[in-house]
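Colleague: Below is one structure. I have some questions about it.
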Amino acid sequence: MSSQHQVSRKNITRQTKPILCYAVENLPVKKGGDELYATLRTAVKDGKATLVEKLEIPAKDARSWKVPAGHMWRIVCTHGPQVADMNCWSLSNPKERFYSSKTRQIHATHLTTGDRLWSNMPFLRPLATITEDTIAYGFDDDGAGVHDVIGSRCDPYTHFLMTGEDYNHCCHSNLTRAATHDGLTEMDVHDVLNVFMCTGFTRDTNQYFTKPSPVEVGDYIEFLAETDLLVSASTCPQGDVSMACGGGGEPDVFPLGVEIYKLEDSFLKERGWSPSDVSNYGGNHGI
């Protein structure tokens with residue numbers, strides 16, 4: 001074919017509409033179905049779940065907690081606009097942990113009600129499902145959304161690169177201290193769910209940006225534990241993240257609340273729910 005009749009690959013690409021990378025309609029359905037998860041949104045208000053533990057994450061610090069399979073937990077805005085960086089692990093095997101990249105590929109850059117938090121390979125299963133998101137921000141005209149899985153946690157290494165200063169209250173450090181209390185190490189800290197954080201990519205330069213979090217006192221994000229979990233969260237030293245990391249200034253930082261709820265006995269089982277199962281892939285990678 002003569003060169004003048006050849007179609008440029010660049011032109012083909014530019015003229016092609018976006019193709020979702022994963023056929024997410026083929027994902028296994030939630031155990032219990034969408035009807036169960038719809039009832040979970042109001043389970044606490046309807047008296048179907050009882051508060052069994054409550055704790056506070058201090059400002060510029062982290063705390064961890066355990067959530068049995070079938071229990072729910074909330075991260076709650078209690079004092080003022082504040083974002084949190086959250087990690088979670090399988091309680092029985094911390095090598096299995098939240099996999100933000102796969103979660104982003106399956107769902108979206110920002111998570112909300114109904115989205116699942118997937119674990120890393122070779123386990124690859126739902127660790128938790130978001131049952132309620134009172135902010136329900138959607139996406140604004142700048143493409144910003146809330147509860148992102150595109151940014152990582154703030155960390156002392158990047159902070160040092162930008163400022164030449166040691167700082168021990170970045171989210172990575174906060175999560176590391178909490179991890180050591182649970183018998184884990186810095187290497188077990190992983191990319192996070194940025195709870196309440198409002199972010200996106202700039203239209204002109206495609207750079208990661210932030211906006212002041214829209215979270216207000218009383219807002220919460222709620223999860224169902226799909227297996228036994230260890231969860232940890234840091235109150236970000238950037239507060240509502242209305243200032244650039246490493247750019248100076250002293251943000252207002254607030255504590256956050258955590259609430260753990262136990263559903264009525266047999267509430268889930270009667271509706272067809274059971275804990276998630278690890279991947280059954282057995283191909284051994286062709287080895």
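Residue numbers start at 1 in each chain; chains themselves are named A, B, ... in the order of the structure tokens; ligands are numbered from 1 in the order shown.
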I'd like the contact shell of Tyr167 (chain A) - 9 Å cut-off, only C-alpha atoms, skipping same-chain residues fewer than 3 positions apart - returned as a VMD selection string.
Modeller: chain A and resid 155 to 157 159 to 160 170 173
Colleague: Would you export the selected residues with N, CA and C atoms as an mmCIF file, in the first residue's frame, please?
Modeller:
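Wrote part37.cif, looks like this:
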```cif
data_model
loop_
_atom_site.group_PDB
_atom_site.id
_atom_site.type_symbol
_atom_site.label_atom_id
_atom_site.label_comp_id
_atom_site.auth_asym_id
_atom_site.auth_seq_id
_atom_site.Cartn_x
_atom_site.Cartn_y
_atom_site.Cartn_z
ATOM 1 N N ASP A 155 4.946 11.504 52.305
ATOM 2 C CA ASP A 155 6.012 10.716 52.923
ATOM 3 C C ASP A 155 7.208 11.596 53.251
ATOM 4 N N PRO A 156 8.059 11.167 54.191
ATOM 5 C CA PRO A 156 9.188 11.999 54.607
ATOM 6 C C PRO A 156 10.301 12.070 53.568
ATOM 7 N N TYR A 157 10.357 11.102 52.668
ATOM 8 C CA TYR A 157 11.419 11.077 51.665
ATOM 9 C C TYR A 157 11.187 12.169 50.615
ATOM 10 N N HIS A 159 9.258 14.735 51.112
ATOM 11 C CA HIS A 159 9.325 15.986 51.872
ATOM 12 C C HIS A 159 10.772 16.454 51.987
ATOM 13 N N PHE A 160 11.686 15.519 52.249
ATOM 14 C CA PHE A 160 13.099 15.894 52.379
ATOM 15 C C PHE A 160 13.652 16.379 51.038
ATOM 16 N N CYS A 170 4.425 12.819 58.345
ATOM 17 C CA CYS A 170 3.777 12.520 57.077
ATOM 18 C C CYS A 170 2.952 11.240 57.241
ATOM 19 N N SER A 173 4.904 7.984 57.555
ATOM 20 C CA SER A 173 5.519 7.790 58.870
ATOM 21 C C SER A 173 4.470 7.441 59.920
#
```
Colleague: Please identify all polymer residues within 9 Å of Arg74 (chain A), counting only C-alpha atoms, omitting same-chain residues fewer than 6 positions from it, and present them as a count of residues only.
Modeller: 10
Colleague: Residues at most 6 Å from region 86-96 of chain A, counting only C-alpha atoms, excluding those fewer than 5 positions away in the same chain, as a VMD selection string?
Modeller: chain A and resid 192 to 193 228 to 233
Colleague: I want to know what sits within 8 Å of Arg63 (chain A), based on only C-alpha atoms, with residues of the same chain fewer than 2 positions away left out; could you give that as a compact mmCIF listing (two decimals) with C-alpha atoms, in the first residue's frame?
Modeller:
```
# COMPACT_ATOMS: atom_id res chain seq x y z
CA GLU A 56 -10.20 8.60 67.69
CA ILE A 57 -7.30 9.13 65.33
CA ASP A 61 -1.05 10.58 63.76
CA TRP A 65 -8.21 -1.38 64.41
CA LEU A 175 1.17 4.56 59.19
CA ALA A 178 0.98 2.23 63.69
CA SER A 232 -5.05 1.64 59.74
CA ALA A 233 -5.56 5.31 58.91
CA SER A 234 -3.53 8.49 59.27
```
Colleague: Name all residues at most 12 Å from Tyr137 (chain A) (count only C-alpha atoms; drop same-chain ones fewer than 3 positions away) and give them as a count of residues only.
Modeller: 22
Colleague: CA of Asp252 (chain A) to CA of Thr109 (chain A): how many Å, to one decimal?
Modeller: 26.3 Å
Colleague: Run DSSP on the backbone of this structure and report the residues of region 12-106 of chain A it assigns to strand (DSSP E), as a list of chain:residue names.
Modeller: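 After running DSSP on the backbone, region 12-106 of chain A has strand (DSSP E) at A:Ala49, A:Thr50, A:Leu51, A:Val52, A:Glu53, A:Lys54, A:Leu55, A:Glu56, A:Ile57, A:Ala62, A:Arg63, A:Ser64, A:Trp65, A:Lys66, A:Val67, A:His71, A:Met72, A:Trp73, A:Arg74, A:Ile75, A:Val76, A:Cys77, A:Ala84, A:Asp85, A:Met86, A:Asn87, A:Cys88, A:Trp89, A:Ser90.
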Colleague: Which residue, A:Met162, A:Glu264, A:Gly218, A:Cys77, has the smallest gap to Leu40 (chain A) when you use only C-alpha atoms?
Modeller: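 Closest to Leu40 (chain A) of all the choices is A:Glu264.
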Colleague: When you count only C-alpha atoms, which of these residues is closest to Cys171 (chain A): A:Val52, A:Ala62, A:Cys245, A:Leu20?
Modeller: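 Checking each candidate against Cys171 (chain A), we get A:Ala62 as the closest.
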